[in-house]
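Note: the block below is input.txt and it holds compact mmCIF, C-alpha atoms.
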```
# COMPACT_ATOMS: atom_id res chain seq x y z
CA MET A 1 27.25 19.83 -29.02
CA LEU A 2 24.74 17.95 -26.87
CA GLY A 3 21.14 18.23 -27.86
CA HIS A 4 17.88 16.29 -28.13
CA VAL A 5 16.61 13.73 -30.61
CA LEU A 6 12.90 13.57 -31.46
CA ILE A 7 11.37 10.22 -32.41
CA MET A 8 7.75 10.91 -33.29
CA SER A 9 6.42 12.62 -30.13
CA THR A 10 9.07 11.08 -27.88
CA GLU A 11 12.00 13.21 -26.77
CA ILE A 12 15.35 11.50 -26.10
CA HIS A 13 18.51 13.34 -25.14
CA SER A 14 21.45 12.59 -27.40
CA THR A 15 23.54 11.21 -24.51
CA ALA A 16 20.91 8.64 -23.49
CA ILE A 17 21.47 4.99 -24.45
CA ILE A 18 18.24 3.28 -25.48
CA ASP A 19 18.26 -0.32 -26.65
CA PRO A 20 16.51 -0.49 -30.04
CA LYS A 21 14.31 -3.33 -28.77
CA ALA A 22 12.92 -1.30 -25.85
CA LEU A 23 9.28 -0.30 -26.28
CA LEU A 24 8.51 3.39 -25.73
CA GLY A 25 5.03 4.89 -25.57
CA GLU A 26 3.94 8.29 -26.80
CA ASP A 27 5.36 11.53 -25.40
CA VAL A 28 8.07 9.75 -23.43
CA ARG A 29 10.89 12.03 -22.26
CA ILE A 30 14.35 10.61 -21.57
CA GLY A 31 16.94 12.99 -20.21
CA PRO A 32 20.75 13.07 -20.28
CA TYR A 33 22.81 9.94 -19.61
CA CYS A 34 19.87 7.61 -19.02
CA VAL A 35 20.15 3.93 -19.95
CA VAL A 36 17.11 1.85 -21.02
CA GLY A 37 17.55 -1.89 -21.55
CA GLU A 38 16.37 -4.35 -24.18
CA HIS A 39 13.27 -5.71 -22.41
CA VAL A 40 12.01 -2.44 -20.93
CA VAL A 41 8.54 -1.05 -21.68
CA LEU A 42 7.87 2.63 -20.94
CA GLY A 43 4.25 3.75 -21.01
CA ASP A 44 2.92 6.99 -22.42
CA ARG A 45 4.34 10.19 -20.96
CA VAL A 46 6.90 8.43 -18.75
CA GLU A 47 9.75 10.79 -17.91
CA LEU A 48 13.28 9.78 -16.94
CA LYS A 49 14.90 12.98 -15.67
CA SER A 50 18.61 12.15 -16.09
CA HIS A 51 21.15 9.44 -15.14
CA VAL A 52 18.30 6.92 -14.65
CA VAL A 53 18.99 3.25 -15.40
CA VAL A 54 16.07 0.95 -16.27
CA GLU A 55 17.02 -2.65 -16.98
CA GLY A 56 15.57 -6.16 -16.93
CA ARG A 57 12.03 -7.14 -17.86
CA THR A 58 10.60 -3.94 -16.50
CA VAL A 59 7.29 -2.30 -17.35
CA ILE A 60 6.68 1.29 -16.21
CA GLY A 61 3.15 2.65 -16.45
CA SER A 62 2.05 5.94 -17.96
CA ASP A 63 2.78 9.34 -16.40
CA THR A 64 5.43 7.97 -14.06
CA VAL A 65 8.38 10.27 -13.38
CA ILE A 66 11.77 8.92 -12.29
CA TYR A 67 14.47 11.20 -10.91
CA PRO A 68 18.28 11.06 -11.27
CA PHE A 69 20.36 8.06 -10.22
CA ALA A 70 17.41 5.74 -9.65
CA SER A 71 18.22 2.09 -10.48
CA ILE A 72 15.13 0.27 -11.67
CA GLY A 73 14.92 -3.40 -12.65
CA HIS A 74 18.46 -4.58 -12.02
CA ALA A 75 19.03 -8.07 -10.59
CA PRO A 76 17.68 -8.67 -7.08
CA GLN A 77 19.99 -8.55 -4.08
CA ASP A 78 19.37 -12.23 -3.41
CA LEU A 79 22.06 -14.92 -3.56
CA LYS A 80 19.42 -17.42 -4.77
CA PHE A 81 18.84 -15.40 -7.95
CA HIS A 82 20.39 -17.10 -10.99
CA GLY A 83 19.31 -14.87 -13.84
CA GLU A 84 15.75 -16.15 -14.23
CA ASN A 85 13.47 -14.06 -16.46
CA SER A 86 11.54 -12.41 -13.65
CA GLU A 87 9.71 -9.10 -13.91
CA LEU A 88 9.23 -5.70 -12.34
CA VAL A 89 5.88 -4.08 -13.10
CA ILE A 90 5.34 -0.48 -12.00
CA GLY A 91 1.92 1.15 -12.36
CA HIS A 92 0.93 4.61 -13.59
CA HIS A 93 1.31 8.09 -12.10
CA ASN A 94 4.16 7.16 -9.76
CA THR A 95 6.93 9.48 -8.62
CA VAL A 96 10.28 7.78 -8.03
CA ARG A 97 12.89 10.04 -6.48
CA GLU A 98 16.70 10.10 -6.48
CA HIS A 99 18.69 6.91 -5.76
CA CYS A 100 15.57 4.76 -5.38
CA THR A 101 16.08 1.06 -6.19
CA MET A 102 13.44 -1.43 -7.28
CA ASN A 103 14.24 -5.07 -8.12
CA PRO A 104 12.37 -7.76 -10.08
CA GLY A 105 11.09 -11.02 -8.60
CA THR A 106 12.80 -14.35 -8.08
CA GLU A 107 12.15 -18.01 -8.74
CA ALA A 108 11.79 -18.53 -4.99
CA GLY A 109 8.96 -15.96 -4.98
CA VAL A 110 6.33 -15.18 -7.58
CA MET A 111 8.81 -14.13 -10.33
CA LYS A 112 7.40 -10.62 -10.21
CA THR A 113 7.66 -7.46 -8.15
CA THR A 114 4.54 -5.31 -8.47
CA VAL A 115 4.18 -1.62 -7.67
CA GLY A 116 0.74 -0.02 -7.86
CA ASN A 117 -0.40 3.41 -9.02
CA HIS A 118 -0.06 6.97 -7.68
CA GLY A 119 2.83 6.10 -5.36
CA LEU A 120 5.58 8.35 -4.05
CA PHE A 121 8.94 6.69 -3.46
CA MET A 122 11.25 9.27 -1.94
CA MET A 123 15.03 9.48 -2.02
CA SER A 124 16.96 6.22 -1.48
CA THR A 125 13.92 4.04 -0.87
CA HIS A 126 14.24 0.35 -1.70
CA VAL A 127 11.63 -2.11 -2.99
CA ALA A 128 13.12 -5.60 -2.91
CA HIS A 129 12.32 -8.69 -4.99
CA ASP A 130 8.81 -10.18 -5.02
CA CYS A 131 7.21 -7.28 -3.15
CA VAL A 132 3.61 -6.36 -3.89
CA ILE A 133 2.85 -2.67 -3.34
CA GLY A 134 -0.65 -1.20 -3.51
CA ASP A 135 -1.92 2.16 -4.77
CA HIS A 136 -1.27 5.58 -3.20
CA VAL A 137 1.66 4.26 -1.14
CA ILE A 138 4.22 6.73 0.21
CA MET A 139 7.69 5.61 1.25
CA ALA A 140 9.68 8.42 2.88
CA ASN A 141 13.44 8.90 2.53
CA ASN A 142 15.55 5.76 3.05
CA ALA A 143 12.60 3.49 3.88
CA THR A 144 13.38 -0.12 2.95
CA LEU A 145 11.30 -3.19 2.15
CA GLY A 146 12.79 -6.66 2.37
CA GLY A 147 11.83 -9.36 -0.12
CA HIS A 148 8.27 -10.68 -0.43
CA VAL A 149 6.71 -7.80 1.54
CA HIS A 150 3.05 -6.99 0.81
CA VAL A 151 1.91 -3.40 1.30
CA GLY A 152 -1.76 -2.40 0.99
CA ASP A 153 -3.27 0.76 -0.47
CA HIS A 154 -2.76 4.19 1.13
CA VAL A 155 0.09 3.06 3.37
CA LEU A 156 2.64 5.58 4.63
CA ILE A 157 6.10 4.28 5.59
CA GLY A 158 8.22 6.78 7.48
CA GLY A 159 11.82 7.71 6.81
CA LEU A 160 14.54 5.15 7.63
CA ALA A 161 11.94 2.49 8.49
CA ALA A 162 12.92 -1.09 7.64
CA VAL A 163 10.37 -3.82 6.93
CA HIS A 164 11.45 -7.46 7.38
CA GLN A 165 11.03 -10.02 4.61
CA PHE A 166 7.54 -11.57 4.14
CA ILE A 167 5.80 -8.97 6.32
CA ARG A 168 2.27 -7.85 5.41
CA ILE A 169 1.15 -4.26 5.94
CA GLY A 170 -2.58 -3.64 5.68
CA SER A 171 -4.23 -0.76 3.84
CA PHE A 172 -4.25 2.71 5.44
CA ALA A 173 -1.56 1.74 7.97
CA VAL A 174 1.22 4.14 8.93
CA ILE A 175 4.75 3.10 9.90
CA GLY A 176 6.70 5.53 12.07
CA GLY A 177 10.12 6.75 11.03
CA MET A 178 13.14 4.61 12.02
CA SER A 179 10.89 1.68 12.94
CA GLY A 180 11.98 -1.91 12.48
CA VAL A 181 8.86 -3.83 11.43
CA GLU A 182 9.07 -7.55 12.26
CA SER A 183 5.36 -8.41 12.56
CA ASP A 184 2.32 -8.03 10.32
CA VAL A 185 0.58 -4.66 10.62
CA ILE A 186 -3.23 -4.65 10.58
CA PRO A 187 -5.12 -2.37 8.19
CA TYR A 188 -5.55 1.12 9.70
CA GLY A 189 -2.82 0.38 12.25
CA ARG A 190 -0.20 2.82 13.50
CA VAL A 191 3.14 1.36 14.51
CA LYS A 192 6.29 2.95 15.83
CA GLY A 193 9.41 2.19 17.83
CA GLU A 194 12.90 0.81 17.26
CA ARG A 195 11.30 -2.64 17.27
CA ALA A 196 7.89 -1.60 16.08
CA PHE A 197 4.83 -2.02 18.29
CA LEU A 198 1.21 -1.22 17.55
CA ALA A 199 0.53 2.24 18.98
CA GLY A 200 -3.12 2.51 17.95
CA LEU A 201 -5.05 3.39 14.83
CA ASN A 202 -4.03 5.74 12.05
CA ILE A 203 -6.69 8.28 13.02
CA VAL A 204 -5.12 11.14 11.07
CA GLY A 205 -4.95 9.01 7.94
CA LEU A 206 -8.54 7.89 8.37
CA GLU A 207 -9.77 11.46 8.68
CA ARG A 208 -7.73 12.62 5.70
CA ASN A 209 -9.19 9.83 3.59
CA GLY A 210 -12.79 10.71 4.38
CA PHE A 211 -13.75 8.09 6.97
CA ASP A 212 -16.70 9.37 8.97
CA LYS A 213 -16.81 9.56 12.76
CA ASP A 214 -19.04 6.49 13.13
CA ALA A 215 -16.64 4.33 11.12
CA ILE A 216 -13.69 5.57 13.18
CA ARG A 217 -15.53 4.92 16.45
CA SER A 218 -16.34 1.38 15.32
CA LEU A 219 -12.71 0.80 14.41
CA GLN A 220 -11.55 2.08 17.79
CA ARG A 221 -13.96 -0.16 19.72
CA ALA A 222 -12.99 -3.15 17.60
CA PHE A 223 -9.30 -2.38 18.11
CA ASN A 224 -9.74 -2.26 21.90
CA GLU A 225 -11.57 -5.59 21.86
CA LEU A 226 -9.15 -7.28 19.46
CA PHE A 227 -6.10 -6.39 21.52
CA GLY A 228 -7.72 -6.75 24.94
CA GLU A 229 -6.73 -9.28 27.57
CA GLU A 230 -9.75 -11.55 27.44
CA GLY A 231 -9.28 -14.96 25.77
CA THR A 232 -6.83 -15.89 23.03
CA MET A 233 -6.21 -13.87 19.88
CA ASP A 234 -8.24 -16.33 17.79
CA GLN A 235 -11.14 -16.05 20.25
CA ARG A 236 -10.99 -12.26 20.17
CA ILE A 237 -10.93 -12.30 16.36
CA ASP A 238 -14.17 -14.32 16.39
CA MET A 239 -15.72 -11.99 18.97
CA VAL A 240 -14.92 -8.89 16.94
CA ALA A 241 -16.18 -10.52 13.75
CA ASN A 242 -19.47 -11.27 15.48
CA ASP A 243 -19.83 -7.85 17.14
CA PHE A 244 -18.90 -5.75 14.08
CA SER A 245 -20.12 -7.90 11.19
CA SER A 246 -21.75 -4.88 9.49
CA ALA A 247 -18.69 -2.62 9.76
CA ASP A 248 -16.76 -3.02 6.50
CA ALA A 249 -13.52 -1.47 7.76
CA VAL A 250 -13.48 -3.69 10.85
CA MET A 251 -14.11 -6.76 8.74
CA GLN A 252 -11.07 -5.87 6.62
CA ILE A 253 -8.99 -6.18 9.79
CA ILE A 254 -10.65 -9.50 10.60
CA GLU A 255 -9.96 -10.88 7.13
CA PHE A 256 -6.34 -9.74 7.38
CA ALA A 257 -5.95 -11.35 10.83
CA ARG A 258 -7.50 -14.64 9.74
CA ASN A 259 -5.36 -14.84 6.61
CA LYS A 260 -2.25 -15.55 8.65
CA GLY A 261 1.20 -15.01 7.19
CA ARG A 262 4.58 -16.18 8.41
CA PHE A 263 4.62 -13.69 11.28
CA PRO A 264 2.22 -12.81 14.10
CA LEU A 265 0.27 -9.57 14.20
CA CYS A 266 2.11 -6.55 15.49
CA ALA A 267 0.60 -5.89 18.93
CA PRO A 268 0.60 -3.06 21.49
CA ALA A 269 3.59 -2.83 23.82
CA LYS A 270 3.16 -4.80 27.01
CA LYS A 271 2.32 -2.70 30.02
CA SER A 272 4.96 -2.43 32.72
CA ALA A 273 4.15 -4.29 35.94
```

Write-out of the structure in structure tokens:
Amino acid sequence: MLGHVLIMSTEIHSTAIIDPKALLGEDVRIGPYCVVGEHVVLGDRVELKSHVVVEGRTVIGSDTVIYPFASIGHAPQDLKFHGENSELVIGHHNTVREHCTMNPGTEAGVMKTTVGNHGLFMMSTHVAHDCVIGDHVIMANNATLGGHVHVGDHVLIGGLAAVHQFIRIGSFAVIGGMSGVESDVIPYGRVKGERAFLAGLNIVGLERNGFDKDAIRSLQRAFNELFGEEGTMDQRIDMVANDFSSADAVMQIIEFARNKGRFPLCAPAKKSA
């Protein structure tokens, strides 16, 4: 007869396979047919619903809940990976839904994939090797991140969206469903389209997160100036920095734009002639 085994205040179903070297916090709950590997660390009150596999050098923060058939910490999907002792570190209060996959880092990256706190990773989402994910991030069903992607705080990535390797997505940005993101997305940006273009600012997200009307107006004016037709992009960046030096949110965009990555900034679609 199948039942449960209690180890101190931790509850482990009798069908679960837990390596004796794994480190489990207090009040951890591990459901039927889960597998937890040798180097795994589960924080306090982590819950693995059922059929969850956690492997590799993976740390999962407190109060995180992982749903059935998620695969967490297995080897990256990268042909350059040769078994190096890389890590996956997941923060606290995350919800990881069915069939989600998260991979550790690689020697070609920073040897670590990092996921922040209070995130929601819906069904069949994928976080690839060496990604850095901020706090309060939502990835909707089937959204996918390539390797080395950086995602800021409070970002929403729509269903079936795909983000190219090494892309940066700034805080409070929103990515439309089914979008292919091939350029860096500024903080507070809103992108959409089969090949994503910058469609404006994430006004709804700003309002929901308590930005006042003056801050939103400043962001809108700065956005219009930054992506206007006068001068080069570098010249417009300097102009906006000068004109909005006291606007903290605008200066976050300027810092992001000046800290150039491998790809250009995602820009508005070109107007038809």

Give me the residues near range 246-251 of chain A as a JSON list (two decimals) with C-alpha atoms, in the frame of the given file, where near means some atom within 9 Å (using only C-alpha atoms) and where sequence neighbours in that chain fewer than 3 positions away do not count.
```
[["chain", "number", "residue", "atom", "x", "y", "z"],
["A", 187, "PRO", "CA", -5.12, -2.37, 8.19],
["A", 188, "TYR", "CA", -5.55, 1.12, 9.70],
["A", 215, "ALA", "CA", -16.64, 4.33, 11.12],
["A", 216, "ILE", "CA", -13.69, 5.57, 13.18],
["A", 218, "SER", "CA", -16.34, 1.38, 15.32],
["A", 219, "LEU", "CA", -12.71, 0.80, 14.41],
["A", 222, "ALA", "CA", -12.99, -3.15, 17.60],
["A", 223, "PHE", "CA", -9.30, -2.38, 18.11],
["A", 240, "VAL", "CA", -14.92, -8.89, 16.94],
["A", 241, "ALA", "CA", -16.18, -10.52, 13.75],
["A", 243, "ASP", "CA", -19.83, -7.85, 17.14],
["A", 254, "ILE", "CA", -10.65, -9.50, 10.60],
["A", 255, "GLU", "CA", -9.96, -10.88, 7.13],
["A", 256, "PHE", "CA", -6.34, -9.74, 7.38]]
```

Next on the checklist: Quick one: residues within 8 Å of range 36-43 of chain A, all atoms listed in the file, excluding same-chain residues fewer than 3 positions away - as a PyMOL selection string?
Outcome noted: chain A and resi 17-26+28+46+53-63

Checklist entry - Can you list, as a ChimeraX atom specification, every protein, DNA or RNA residue that comes within 6 Å of Ser171 in chain A when you count all atoms listed in the file, leaving out same-chain residues fewer than 2 positions away? => result /A:152-155,173,187

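A straight line drawn from CA of Pro268 in chain A to CA of Phe166 in chain A is 20.5 Å long.
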
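One finds CA of Ile175 in chain A at 23.7 Å from CA of Gln77 in chain A.
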
Item to check | Proximity to Ile203 in chain A - best of A:Thr232, A:Ala143, A:Phe121, A:Phe172, only C-alpha atoms | outcome: A:Phe172

Next on the checklist: What does the structure give for the distance between CA of Phe263 in chain A and CA of Gly119 in chain A, in Å to one decimal?
Outcome noted: 25.9 Å

Next on the checklist: Which residues are near Val185 in chain A? Cut-off 12 Å, only C-alpha atoms, ignore same chain within fewer than 4 positions. Put them as an MDAnalysis selection string.
Outcome noted: chainID A and resid 149:152 155 157 163:164 166:176 180:181 189:192 196:202 253 256:257 260:261 263:268

Checklist entry - Nearest to Val132 in chain A among A:His118, A:Lys112, A:His13, A:Lys270, with distances taken over all atoms listed in the file: which residue is it? => result A:Lys112

Checklist entry - Using only C-alpha atoms, which of A:Leu156, A:Glu229, A:Asp184, A:Gln165 sits nearest Val204 in chain A? => result A:Leu156
